[in-house]
$ cat data.tsv   # TSV, C-alpha atoms and all ligand atoms
chain	number	residue	atom	x	y	z
A	21	MET	CA	-13.33	21.11	10.98
A	22	PHE	CA	-11.45	20.48	14.17
A	23	ARG	CA	-12.46	22.28	17.30
A	24	SER	CA	-11.16	25.78	17.72
A	25	THR	CA	-11.27	25.73	21.53
A	26	PRO	CA	-7.92	24.43	22.79
A	27	LEU	CA	-7.78	21.64	25.34
A	28	LEU	CA	-6.70	23.20	28.60
A	29	LEU	CA	-4.28	21.19	30.71
A	30	ARG	CA	-3.39	22.52	34.06
A	31	ARG	CA	-1.99	21.26	37.30
A	32	ALA	CA	-4.40	21.60	40.23
A	33	ARG	CA	-3.09	23.26	43.36
A	34	ALA	CA	-4.74	20.72	45.63
A	35	LEU	CA	-7.04	17.83	45.17
A	36	PRO	CA	-10.66	18.70	45.95
A	37	ARG	CA	-12.01	17.77	49.34
A	38	PRO	CA	-14.17	14.69	49.32
A	39	SER	CA	-17.81	15.69	49.07
A	40	SER	CA	-20.62	13.90	50.78
A	41	ALA	CA	-22.28	12.84	47.56
A	42	THR	CA	-20.64	11.73	44.37
A	43	THR	CA	-21.02	14.52	41.90
A	44	LEU	CA	-20.70	12.60	38.70
A	45	ARG	CA	-21.46	15.18	36.10
A	46	PRO	CA	-21.74	13.27	32.86
A	47	THR	CA	-20.32	15.33	30.03
A	48	ALA	CA	-21.27	14.46	26.52
A	49	ARG	CA	-17.81	12.89	26.08
A	50	SER	CA	-17.95	10.73	29.21
A	51	ILE	CA	-18.06	7.04	28.54
A	52	SER	CA	-19.74	4.22	30.38
A	53	THR	CA	-16.53	2.67	31.67
A	54	ILE	CA	-16.29	5.42	34.30
A	55	HIS	CA	-16.92	3.89	37.73
A	56	PRO	CA	-19.96	5.56	39.26
A	57	LEU	CA	-18.52	5.70	42.74
A	58	ARG	CA	-14.98	5.72	43.97
A	59	LYS	CA	-13.99	4.75	47.48
A	60	ASP	CA	-12.65	8.21	48.30
A	61	HIS	CA	-15.81	9.88	46.97
A	62	ARG	CA	-13.82	12.32	44.92
A	63	GLU	CA	-15.33	13.90	41.88
A	64	ILE	CA	-14.38	12.12	38.71
A	65	LYS	CA	-12.99	14.49	36.15
A	66	PRO	CA	-13.40	14.19	32.42
A	67	GLY	CA	-10.33	12.58	30.90
A	68	GLN	CA	-9.05	11.45	34.29
A	69	PHE	CA	-8.64	7.84	33.25
A	70	ALA	CA	-6.60	8.79	30.23
A	71	ARG	CA	-3.63	9.85	32.36
A	72	THR	CA	-1.67	8.60	35.33
A	73	ASP	CA	-1.18	11.87	37.20
A	74	PRO	CA	-4.39	12.68	39.14
A	75	SER	CA	-3.26	16.23	39.79
A	76	ILE	CA	-3.74	17.08	36.12
A	77	THR	CA	-7.19	18.35	35.32
A	78	MET	CA	-8.65	19.03	31.93
A	79	GLU	CA	-11.31	21.33	30.69
A	80	TYR	CA	-13.07	19.99	27.69
A	81	PRO	CA	-14.71	22.34	25.22
A	82	ALA	CA	-18.48	22.28	25.09
A	83	GLU	CA	-19.95	19.43	23.07
A	84	LYS	CA	-21.10	21.82	20.35
A	85	ASP	CA	-17.45	22.74	19.69
A	86	MET	CA	-16.27	19.13	19.41
A	87	PRO	CA	-16.19	16.94	16.31
A	88	SER	CA	-18.88	14.30	16.42
A	89	SER	CA	-17.89	11.16	18.28
A	90	LYS	CA	-20.55	9.14	16.52
A	91	PRO	CA	-19.42	7.08	13.51
A	92	PRO	CA	-21.06	8.70	10.49
A	93	TRP	CA	-21.56	5.42	8.60
A	94	ARG	CA	-24.13	2.71	8.91
A	95	TYR	CA	-23.03	-0.87	9.48
A	96	GLY	CA	-21.79	-2.50	6.29
A	97	GLN	CA	-20.78	0.74	4.68
A	98	MET	CA	-17.16	0.37	5.70
A	99	SER	CA	-16.80	-2.70	3.49
A	100	LYS	CA	-18.03	-0.61	0.53
A	101	SER	CA	-15.04	1.66	0.92
A	102	PHE	CA	-12.87	-1.24	-0.27
A	103	SER	CA	-14.81	-1.50	-3.53
A	104	LEU	CA	-12.96	-0.68	-6.74
A	105	GLU	CA	-16.04	-0.65	-8.93
A	106	GLY	CA	-15.80	1.84	-11.76
A	107	LYS	CA	-12.05	2.21	-11.38
A	108	VAL	CA	-9.37	1.38	-13.93
A	109	ALA	CA	-6.15	-0.10	-12.56
A	110	VAL	CA	-2.88	-0.26	-14.49
A	111	VAL	CA	-0.41	-2.90	-13.30
A	112	THR	CA	3.12	-2.89	-14.73
A	113	GLY	CA	4.76	-6.31	-14.66
A	114	GLY	CA	1.21	-7.67	-14.36
A	115	ALA	CA	1.74	-10.60	-16.72
A	116	GLY	CA	3.36	-12.75	-14.05
A	117	GLY	CA	4.47	-13.20	-10.48
A	118	LEU	CA	3.24	-10.75	-7.86
A	119	GLY	CA	1.80	-8.36	-10.47
A	120	TYR	CA	-0.52	-11.05	-11.83
A	121	VAL	CA	-1.93	-11.91	-8.40
A	122	MET	CA	-2.33	-8.24	-7.48
A	123	THR	CA	-4.22	-7.66	-10.75
A	124	GLN	CA	-6.49	-10.55	-9.82
A	125	ALA	CA	-7.20	-8.95	-6.44
A	126	LEU	CA	-8.03	-5.57	-8.00
A	127	VAL	CA	-10.40	-7.25	-10.48
A	128	GLU	CA	-12.03	-9.28	-7.68
A	129	PHE	CA	-12.86	-6.00	-5.96
A	130	GLY	CA	-14.50	-4.55	-9.06
A	131	ALA	CA	-11.77	-2.80	-11.07
A	132	ASP	CA	-11.12	-3.00	-14.78
A	133	ALA	CA	-7.44	-3.67	-15.43
A	134	ALA	CA	-4.68	-2.95	-17.91
A	135	ILE	CA	-1.74	-5.35	-17.74
A	136	VAL	CA	1.51	-3.75	-18.91
A	137	ASP	CA	4.48	-6.05	-19.49
A	138	LEU	CA	7.61	-6.48	-21.58
A	139	ASN	CA	6.38	-10.00	-22.23
A	140	GLY	CA	3.41	-9.08	-24.41
A	141	GLU	CA	2.39	-12.65	-25.17
A	142	GLN	CA	2.19	-13.54	-21.54
A	143	ALA	CA	0.29	-10.34	-20.82
A	144	VAL	CA	-2.39	-11.39	-23.36
A	145	GLU	CA	-2.51	-14.89	-21.89
A	146	SER	CA	-2.78	-13.54	-18.34
A	147	ALA	CA	-5.58	-11.13	-19.27
A	148	LYS	CA	-7.49	-14.06	-20.81
A	149	ASN	CA	-6.90	-16.27	-17.77
A	150	LEU	CA	-8.06	-13.60	-15.36
A	151	LEU	CA	-11.28	-13.09	-17.31
A	152	GLU	CA	-11.95	-16.85	-17.49
A	153	HIS	CA	-11.27	-17.15	-13.78
A	154	PHE	CA	-13.65	-14.28	-13.03
A	155	LYS	CA	-16.39	-15.89	-15.15
A	156	SER	CA	-16.01	-19.25	-13.43
A	157	GLU	CA	-16.11	-17.63	-10.00
A	158	ASN	CA	-19.05	-15.37	-10.87
A	159	PRO	CA	-21.30	-17.32	-13.26
A	160	ASP	CA	-24.22	-14.93	-12.67
A	161	ALA	CA	-22.28	-11.70	-13.06
A	162	GLU	CA	-24.25	-9.13	-15.05
A	163	CYS	CA	-21.18	-7.41	-16.39
A	164	LEU	CA	-17.65	-8.61	-16.86
A	165	PRO	CA	-14.46	-6.74	-16.04
A	166	LYS	CA	-12.53	-5.30	-18.94
A	167	ILE	CA	-8.96	-6.59	-18.83
A	168	THR	CA	-6.55	-5.42	-21.52
A	169	ALA	CA	-2.94	-6.37	-22.27
A	170	HIS	CA	-0.20	-3.95	-23.37
A	171	THR	CA	3.36	-4.69	-24.43
A	172	SER	CA	5.70	-2.10	-23.01
A	173	ASP	CA	9.21	-1.54	-21.71
A	174	VAL	CA	8.80	0.55	-18.58
A	175	SER	CA	12.41	1.72	-18.73
A	176	SER	CA	11.73	3.58	-22.00
A	177	PRO	CA	10.00	6.98	-21.81
A	178	THR	CA	8.56	6.69	-25.33
A	179	SER	CA	7.24	3.19	-24.69
A	180	VAL	CA	5.60	4.23	-21.42
A	181	ARG	CA	4.06	7.33	-23.00
A	182	SER	CA	2.50	5.44	-25.89
A	183	THR	CA	1.29	2.65	-23.58
A	184	ILE	CA	-0.52	5.05	-21.27
A	185	SER	CA	-2.24	6.72	-24.27
A	186	GLU	CA	-3.21	3.27	-25.56
A	187	ILE	CA	-4.72	2.39	-22.16
A	188	LEU	CA	-6.63	5.67	-21.97
A	189	ALA	CA	-8.02	5.07	-25.45
A	190	GLN	CA	-9.23	1.60	-24.46
A	191	HIS	CA	-10.53	2.44	-20.97
A	192	ASN	CA	-12.84	5.44	-21.43
A	193	SER	CA	-10.06	7.99	-20.92
A	194	HIS	CA	-9.45	7.25	-17.29
A	195	ILE	CA	-6.94	5.61	-15.01
A	196	ASP	CA	-7.54	5.61	-11.25
A	197	VAL	CA	-4.94	3.21	-9.87
A	198	LEU	CA	-1.34	2.42	-10.80
A	199	VAL	CA	0.63	-0.51	-9.41
A	200	THR	CA	4.28	-0.70	-10.47
A	201	SER	CA	5.39	-4.30	-10.13
A	202	ALA	CA	7.79	-4.53	-13.12
A	203	GLY	CA	11.21	-5.15	-11.66
A	204	PHE	CA	13.92	-7.73	-11.19
A	205	THR	CA	16.95	-8.65	-9.12
A	206	GLU	CA	20.36	-10.13	-9.82
A	207	ASN	CA	23.09	-11.33	-7.50
A	208	PHE	CA	26.63	-10.18	-8.19
A	209	LYS	CA	29.45	-9.23	-5.91
A	210	ALA	CA	29.66	-5.44	-6.14
A	211	GLU	CA	33.14	-5.50	-7.62
A	212	GLU	CA	32.00	-7.90	-10.36
A	213	TYR	CA	28.66	-6.37	-11.37
A	214	PRO	CA	28.80	-5.57	-15.12
A	215	HIS	CA	28.00	-1.89	-15.46
A	216	ASP	CA	25.58	-2.30	-18.35
A	217	ARG	CA	23.52	-4.84	-16.36
A	218	MET	CA	23.44	-2.61	-13.33
A	219	GLN	CA	22.15	0.24	-15.50
A	220	LYS	CA	19.48	-2.05	-16.90
A	221	LEU	CA	18.41	-3.00	-13.37
A	222	TRP	CA	18.07	0.63	-12.35
A	223	GLY	CA	16.41	1.42	-15.66
A	224	VAL	CA	13.56	-1.00	-14.94
A	225	ASN	CA	13.30	-0.76	-11.14
A	226	VAL	CA	13.79	2.97	-10.66
A	227	ASP	CA	13.24	4.74	-14.02
A	228	GLY	CA	10.40	2.30	-14.80
A	229	THR	CA	8.58	3.23	-11.59
A	230	TYR	CA	9.20	6.93	-12.06
A	231	LEU	CA	8.24	7.07	-15.74
A	232	SER	CA	5.02	5.10	-15.24
A	233	ALA	CA	4.04	7.25	-12.26
A	234	VAL	CA	4.73	10.54	-14.02
A	235	GLU	CA	2.82	9.56	-17.15
A	236	VAL	CA	-0.22	8.46	-15.13
A	237	ALA	CA	0.02	11.55	-12.89
A	238	LYS	CA	-0.04	13.85	-15.94
A	239	HIS	CA	-3.33	12.27	-16.95
A	240	MET	CA	-4.80	12.54	-13.43
A	241	ILE	CA	-3.69	16.15	-13.02
A	242	GLU	CA	-4.95	17.23	-16.46
A	243	ARG	CA	-8.33	15.61	-15.95
A	244	LYS	CA	-8.53	16.59	-12.27
A	245	ARG	CA	-9.02	12.96	-11.23
A	246	PRO	CA	-7.97	11.69	-7.82
A	247	GLY	CA	-5.91	8.53	-7.85
A	248	SER	CA	-3.89	5.99	-5.96
A	249	MET	CA	-0.43	4.74	-6.87
A	250	ILE	CA	1.23	1.75	-5.27
A	251	PHE	CA	4.91	1.22	-5.93
A	252	ILE	CA	6.24	-2.28	-5.34
A	253	GLY	CA	9.49	-1.81	-3.46
A	254	SER	CA	11.05	-4.50	-1.35
A	255	MET	CA	12.16	-5.02	2.21
A	256	SER	CA	15.61	-4.89	0.58
A	257	GLY	CA	15.06	-1.12	0.34
A	258	GLY	CA	15.42	-0.91	4.10
A	259	ILE	CA	17.66	-3.80	5.11
A	260	VAL	CA	20.59	-5.75	3.64
A	261	ASN	CA	19.71	-9.28	2.63
A	262	VAL	CA	22.12	-12.04	3.55
A	263	PRO	CA	23.99	-13.95	2.36
A	264	GLN	CA	23.43	-13.07	-1.31
A	265	PRO	CA	25.17	-9.93	-2.61
A	266	GLN	CA	22.75	-7.53	-4.35
A	267	ALA	CA	23.77	-4.00	-3.46
A	268	PRO	CA	22.40	-2.28	-6.61
A	269	TYR	CA	19.01	-4.03	-6.23
A	270	ASN	CA	18.77	-2.95	-2.59
A	271	ALA	CA	19.65	0.61	-3.54
A	272	SER	CA	17.11	0.57	-6.36
A	273	LYS	CA	14.35	-0.46	-3.94
A	274	ALA	CA	15.38	2.20	-1.43
A	275	ALA	CA	14.95	4.65	-4.30
A	276	VAL	CA	11.49	3.26	-5.10
A	277	ARG	CA	10.42	3.67	-1.48
A	278	HIS	CA	11.65	7.23	-1.31
A	279	LEU	CA	10.11	8.08	-4.67
A	280	ALA	CA	6.77	7.05	-3.18
A	281	SER	CA	7.24	9.42	-0.22
A	282	SER	CA	8.49	12.31	-2.35
A	283	LEU	CA	5.79	12.03	-5.00
A	284	ALA	CA	3.14	11.61	-2.28
A	285	VAL	CA	4.05	15.07	-1.02
A	286	GLU	CA	4.38	16.60	-4.49
A	287	TRP	CA	1.05	15.28	-5.74
A	288	ALA	CA	-1.05	15.47	-2.56
A	289	PRO	CA	-2.58	18.80	-3.72
A	290	HIS	CA	-3.85	16.92	-6.80
A	291	ARG	CA	-5.51	14.25	-4.61
A	292	ILE	CA	-3.07	11.62	-5.86
A	293	ARG	CA	-1.95	9.26	-3.10
A	294	VAL	CA	1.35	7.42	-3.51
A	295	ASN	CA	2.32	4.51	-1.26
A	296	CYS	CA	4.85	1.73	-1.34
A	297	ILE	CA	4.43	-1.97	-0.58
A	298	SER	CA	7.68	-3.61	0.49
A	299	PRO	CA	7.37	-7.38	0.21
A	300	GLY	CA	9.72	-9.77	1.95
A	301	TYR	CA	10.74	-13.08	0.42
A	302	MET	CA	7.83	-14.21	-1.75
A	303	LEU	CA	7.62	-17.42	-3.74
A	304	THR	CA	7.60	-16.36	-7.41
A	305	ALA	CA	9.60	-16.94	-10.61
A	306	LEU	CA	12.05	-14.28	-9.44
A	307	THR	CA	12.92	-16.07	-6.19
A	308	LYS	CA	12.53	-19.57	-7.67
A	309	LYS	CA	15.46	-18.91	-10.00
A	310	ILE	CA	17.61	-17.78	-7.06
A	311	LEU	CA	16.56	-20.77	-4.93
A	312	ASP	CA	17.14	-23.23	-7.77
A	313	ASP	CA	20.67	-21.89	-8.12
A	314	ASN	CA	21.29	-22.02	-4.34
A	315	PRO	CA	19.37	-24.89	-2.69
A	316	ASP	CA	20.52	-24.09	0.88
A	317	LEU	CA	19.25	-20.56	0.66
A	318	LYS	CA	15.57	-21.27	1.37
A	319	ALA	CA	16.36	-22.75	4.81
A	320	LYS	CA	18.60	-19.80	5.60
A	321	TRP	CA	15.99	-17.25	4.52
A	322	THR	CA	13.15	-18.98	6.35
A	323	SER	CA	15.19	-19.12	9.55
A	324	LEU	CA	15.29	-15.31	9.51
A	325	ILE	CA	11.52	-14.82	9.12
A	326	PRO	CA	9.54	-14.65	12.40
A	327	GLN	CA	6.47	-16.19	10.74
A	328	GLY	CA	8.67	-19.12	9.66
A	329	ARG	CA	7.68	-19.17	6.00
A	330	MET	CA	8.20	-17.33	2.75
A	331	GLY	CA	5.27	-15.24	1.58
A	332	ASN	CA	2.78	-16.31	-1.07
A	333	PRO	CA	1.83	-13.82	-3.78
A	334	GLU	CA	-1.73	-13.97	-2.32
A	335	ASP	CA	-0.40	-12.29	0.82
A	336	LEU	CA	-0.27	-9.06	-1.20
A	337	LYS	CA	-3.93	-9.09	-2.22
A	338	GLY	CA	-5.33	-7.40	0.90
A	339	PRO	CA	-2.58	-4.76	1.09
A	340	VAL	CA	-2.92	-3.74	-2.57
A	341	VAL	CA	-6.74	-3.53	-2.43
A	342	PHE	CA	-6.56	-1.50	0.77
A	343	LEU	CA	-4.11	1.00	-0.71
A	344	ALA	CA	-5.94	1.21	-4.05
A	345	SER	CA	-9.32	1.83	-2.47
A	346	GLU	CA	-11.00	4.61	-0.54
A	347	ALA	CA	-10.50	2.59	2.66
A	348	SER	CA	-7.02	4.15	2.73
A	349	ASN	CA	-8.06	7.70	1.80
A	350	TYR	CA	-5.83	9.30	4.45
A	351	VAL	CA	-2.81	7.05	3.80
A	352	THR	CA	-0.13	8.52	1.58
A	353	GLY	CA	3.65	8.34	1.51
A	354	ALA	CA	3.51	5.15	3.59
A	355	ASP	CA	5.64	2.05	3.26
A	356	LEU	CA	3.65	-1.10	4.01
A	357	ARG	CA	6.01	-3.95	4.77
A	358	VAL	CA	4.57	-7.37	3.96
A	359	ASP	CA	7.43	-9.57	5.07
A	360	GLY	CA	6.29	-11.98	7.80
A	361	GLY	CA	8.12	-9.80	10.31
A	362	TYR	CA	11.57	-10.07	8.69
A	363	THR	CA	12.45	-6.42	9.09
A	364	VAL	CA	11.41	-6.00	12.71
A	365	ILE	CA	14.21	-8.16	14.11
B	401	LIG	N1	9.45	-12.16	-5.40
B	401	LIG	C1	9.91	-11.59	-4.32
B	401	LIG	O1	10.33	-12.25	-3.36
B	401	LIG	C2	9.96	-10.11	-4.22
B	401	LIG	C3	10.26	-9.55	-2.99
B	401	LIG	C4	10.29	-8.18	-2.87
B	401	LIG	C5	10.01	-7.39	-3.96
B	401	LIG	N2	9.73	-7.97	-5.15
B	401	LIG	C6	9.47	-7.06	-6.26
B	401	LIG	O2	8.20	-7.35	-6.79
B	401	LIG	C7	8.16	-7.06	-8.18
B	401	LIG	C8	7.64	-8.27	-8.94
B	401	LIG	O3	8.50	-9.37	-8.69
B	401	LIG	P1	8.07	-10.84	-9.11
B	401	LIG	O4	8.65	-11.74	-8.10
B	401	LIG	O5	6.63	-10.89	-9.38
B	401	LIG	O6	8.91	-10.99	-10.45
B	401	LIG	P2	8.50	-11.72	-11.82
B	401	LIG	O7	9.77	-11.86	-12.57
B	401	LIG	O8	7.70	-12.94	-11.53
B	401	LIG	O9	7.55	-10.66	-12.52
B	401	LIG	C9	8.05	-9.42	-12.99
B	401	LIG	C10	7.30	-9.03	-14.24
B	401	LIG	O10	7.85	-7.81	-14.70
B	401	LIG	C11	8.00	-7.88	-16.11
B	401	LIG	N3	9.06	-6.97	-16.56
B	401	LIG	C12	10.40	-7.09	-16.39
B	401	LIG	N4	11.03	-6.08	-16.99
B	401	LIG	C13	10.10	-5.27	-17.54
B	401	LIG	C14	10.13	-4.07	-18.28
B	401	LIG	N5	11.30	-3.51	-18.62
B	401	LIG	N6	8.97	-3.51	-18.68
B	401	LIG	C15	7.78	-4.11	-18.38
B	401	LIG	N7	7.69	-5.26	-17.69
B	401	LIG	C16	8.83	-5.84	-17.27
B	401	LIG	C17	8.35	-9.33	-16.37
B	401	LIG	O11	8.10	-9.70	-17.72
B	401	LIG	C18	7.46	-10.04	-15.37
B	401	LIG	O12	6.20	-10.33	-15.92
B	401	LIG	C19	9.59	-6.67	-8.55
B	401	LIG	O13	9.68	-5.27	-8.58
B	401	LIG	C20	10.42	-7.23	-7.42
B	401	LIG	O14	11.61	-6.51	-7.23
B	401	LIG	C21	9.70	-9.30	-5.31

$ encode --input "data.tsv" --output "structure tokens"
Amino acid sequence: MFRSTPLLLRRARALPRPSSATTLRPTARSISTIHPLRKDHREIKPGQFARTDPSITMEYPAEKDMPSSKPPWRYGQMSKSFSLEGKVAVVTGGAGGLGYVMTQALVEFGADAAIVDLNGEQAVESAKNLLEHFKSENPDAECLPKITAHTSDVSSPTSVRSTISEILAQHNSHIDVLVTSAGFTENFKAEEYPHDRMQKLWGVNVDGTYLSAVEVAKHMIERKRPGSMIFIGSMSGGIVNVPQPQAPYNASKAAVRHLASSLAVEWAPHRIRVNCISPGYMLTALTKKILDDNPDLKAKWTSLIPQGRMGNPEDLKGPVVFLASEASNYVTGADLRVDGGYTVI
């Protein structure tokens, strides 16, 4: 609990007269950077160095009324908070691209995983590859991660519903983490975008995120399990990419970002955290196709990125593990931009 005694700020009428001896009264909150003696011999007040106006004085509550200032954990325990051992992570679009690498990161940190993808064959192949990779990296591992593959169209409510039941049946009736990476982009001038294709785009990017989240949330709420959801948005949800025209994609990613904030608030009482990762330009199949079609584009894009390079899928490993794990227990409704600084200029 936070202290009940309010911090009292008040303006002193006059500065105290210098006293003959320095009366440094160490309070329990005083820290060693306080100089023991000042030239003018004035009494040093608690909190004095945290403000620029010396006429402000503060009265701190007694130590017994303050929250502990000592870190409660032993050294090394912080790293344990990143562990995903015992958790089951579902990754939509996990058969390829960013989803595949994020699944790898979650498995590396101890999670079991369920790969959900429209491309069922590739999902099976990817699950096998991840397991083989884990074995080669951990030849002495006592137990292996369980990695399952599920064919599903995230834009279809019935498909999502049956996929989540299938995952629960195969993973001991629990899901702890959801990452929604299924999504795609297309470049059309707005006035030429075929309506059916635009609906498909929104169906996968927006409905797909929403439907997956709701189905997993129902499970978490029913079983009273806390959980973490990470929606893969895009920096395009907050800026307008140039020069390629992609208005519906940008709008779809703005929707994904705001869904994360809205659902974070709605599900906070159920201990479900919902955050968004907004990647910048990453080198994957999705961007390769665009770059192959427009060879000059890579130079243009790179010139706009402060870090001077496109991102690698591996750049998402740390962010996704952080948000999936207990290390981010008090982070919800956030948008984590992983874009080499693109959106800050
Ligand atoms: N690559 C980038 O530069 C970049 C940047 C910002 C955001 N993103 C976002 O990251 C996510 C992943 O992008 P990527 O580059 O890895 O793309 P990708 O094409 O390499 O992978 C997307 C995966 O989603 C699957 N998928 C597509 N439609 C599906 C559906 N209806 N149901 C289930 N699965 C489906 C695909 O089969 C594929 O495996 C997308 O949401 C994308 O918008 C990508």

$ residues_near_ligand --input "data.tsv" --ligand "ligand LIG 401 (chain B)" --cutoff "8 Å" --atoms "only C-alpha atoms and all ligand atoms" --output "VMD selection string"
chain A and resid 112 to 120 136 to 139 142 to 143 171 to 176 200 to 205 223 to 225 228 252 to 256 269 273 298 to 307 331 333

$ axis_aligned_box --input "data.tsv" --around "region 145-161 of chain A" --padding-each-side "4 Å" --output "lines of an AutoDock Vina configuration file"
center_x = -13.4
center_y = -15.2
center_z = -15.9
size_x = 29.7
size_y = 16.1
size_z = 19.9

$ closest_residue --input "data.tsv" --among "A:Asp359, A:Glu63, A:Asp132, A:Asp335" --to "Val110 (chain A)" --atoms "only C-alpha atoms"
A:Asp132

$ atom_distance --input "data.tsv" --atom1 "CA of Lys148 (chain A)" --atom2 "CA of Lys166 (chain A)"
10.3 Å

$ closest_residue --input "data.tsv" --among "A:Phe208, A:Pro315, A:His239, A:Tyr230" --to "Ala267 (chain A)" --atoms "all atoms listed in the file"
A:Phe208

$ atom_distance --input "data.tsv" --atom1 "CA of Ala284 (chain A)" --atom2 "CA of Ala347 (chain A)"
17.1 Å

$ closest_residue --input "data.tsv" --among "A:Asp160, A:Arg291, A:Lys220, A:Val197" --to "Asn349 (chain A)" --atoms "all atoms listed in the file"
A:Arg291

$ closest_residue --input "data.tsv" --among "A:Gln327, A:Arg94, A:His290, A:His170" --to "Ser182 (chain A)" --atoms "all atoms listed in the file"
A:His170

$ atom_distance --input "data.tsv" --atom1 "CA of Lys244 (chain A)" --atom2 "CA of Thr168 (chain A)"
24.0 Å

$ closest_residue --input "data.tsv" --among "A:Gln97, A:Ser146, A:Asn314, A:Asn207" --to "Asn261 (chain A)" --atoms "all atoms listed in the file"
A:Asn207

$ decode --input "data.tsv" --residues "region 70-88 of chain A" --atoms "N, CA and C atoms" --output "compact mmCIF listing (two decimals), in the first residue's frame"
# COMPACT_ATOMS: atom_id res chain seq x y z
N ALA A 70 16.30 17.64 -4.91
CA ALA A 70 15.39 17.18 -5.95
C ALA A 70 14.60 18.35 -6.53
N ARG A 71 14.94 19.59 -6.11
CA ARG A 71 14.25 20.74 -6.68
C ARG A 71 15.19 21.92 -6.78
N THR A 72 14.80 22.91 -7.59
CA THR A 72 15.71 24.02 -7.84
C THR A 72 15.40 25.23 -6.97
N ASP A 73 14.24 25.25 -6.35
CA ASP A 73 13.87 26.41 -5.54
C ASP A 73 14.16 26.12 -4.07
N PRO A 74 15.21 26.72 -3.49
CA PRO A 74 15.60 26.38 -2.11
C PRO A 74 14.59 26.86 -1.07
N SER A 75 13.65 27.70 -1.48
CA SER A 75 12.68 28.17 -0.49
C SER A 75 11.56 27.17 -0.26
N ILE A 76 11.55 26.13 -1.06
CA ILE A 76 10.54 25.07 -0.86
C ILE A 76 11.08 24.09 0.18
N THR A 77 10.31 23.80 1.17
CA THR A 77 10.73 22.76 2.11
C THR A 77 9.71 21.64 2.08
N MET A 78 10.17 20.48 2.46
CA MET A 78 9.29 19.31 2.43
C MET A 78 9.28 18.63 3.76
N GLU A 79 8.17 18.11 4.13
CA GLU A 79 8.14 17.26 5.32
C GLU A 79 7.83 15.86 4.86
N TYR A 80 8.76 15.00 5.11
CA TYR A 80 8.55 13.60 4.73
C TYR A 80 7.80 12.88 5.84
N PRO A 81 6.96 11.93 5.48
CA PRO A 81 6.33 11.11 6.52
C PRO A 81 7.40 10.28 7.23
N ALA A 82 7.06 9.80 8.39
CA ALA A 82 7.99 8.93 9.11
C ALA A 82 8.28 7.69 8.29
N GLU A 83 9.46 7.12 8.51
CA GLU A 83 9.88 5.97 7.71
C GLU A 83 8.86 4.83 7.76
N LYS A 84 8.25 4.67 8.96
CA LYS A 84 7.30 3.55 9.09
C LYS A 84 6.09 3.71 8.18
N ASP A 85 5.82 4.94 7.74
CA ASP A 85 4.66 5.17 6.86
C ASP A 85 5.03 5.12 5.37
N MET A 86 6.31 4.90 5.09
CA MET A 86 6.76 4.92 3.69
C MET A 86 6.86 3.50 3.13
N PRO A 87 6.66 3.36 1.82
CA PRO A 87 6.94 2.04 1.23
C PRO A 87 8.44 1.77 1.31
N SER A 88 8.80 0.51 1.38
CA SER A 88 10.21 0.18 1.53
C SER A 88 11.01 0.68 0.34
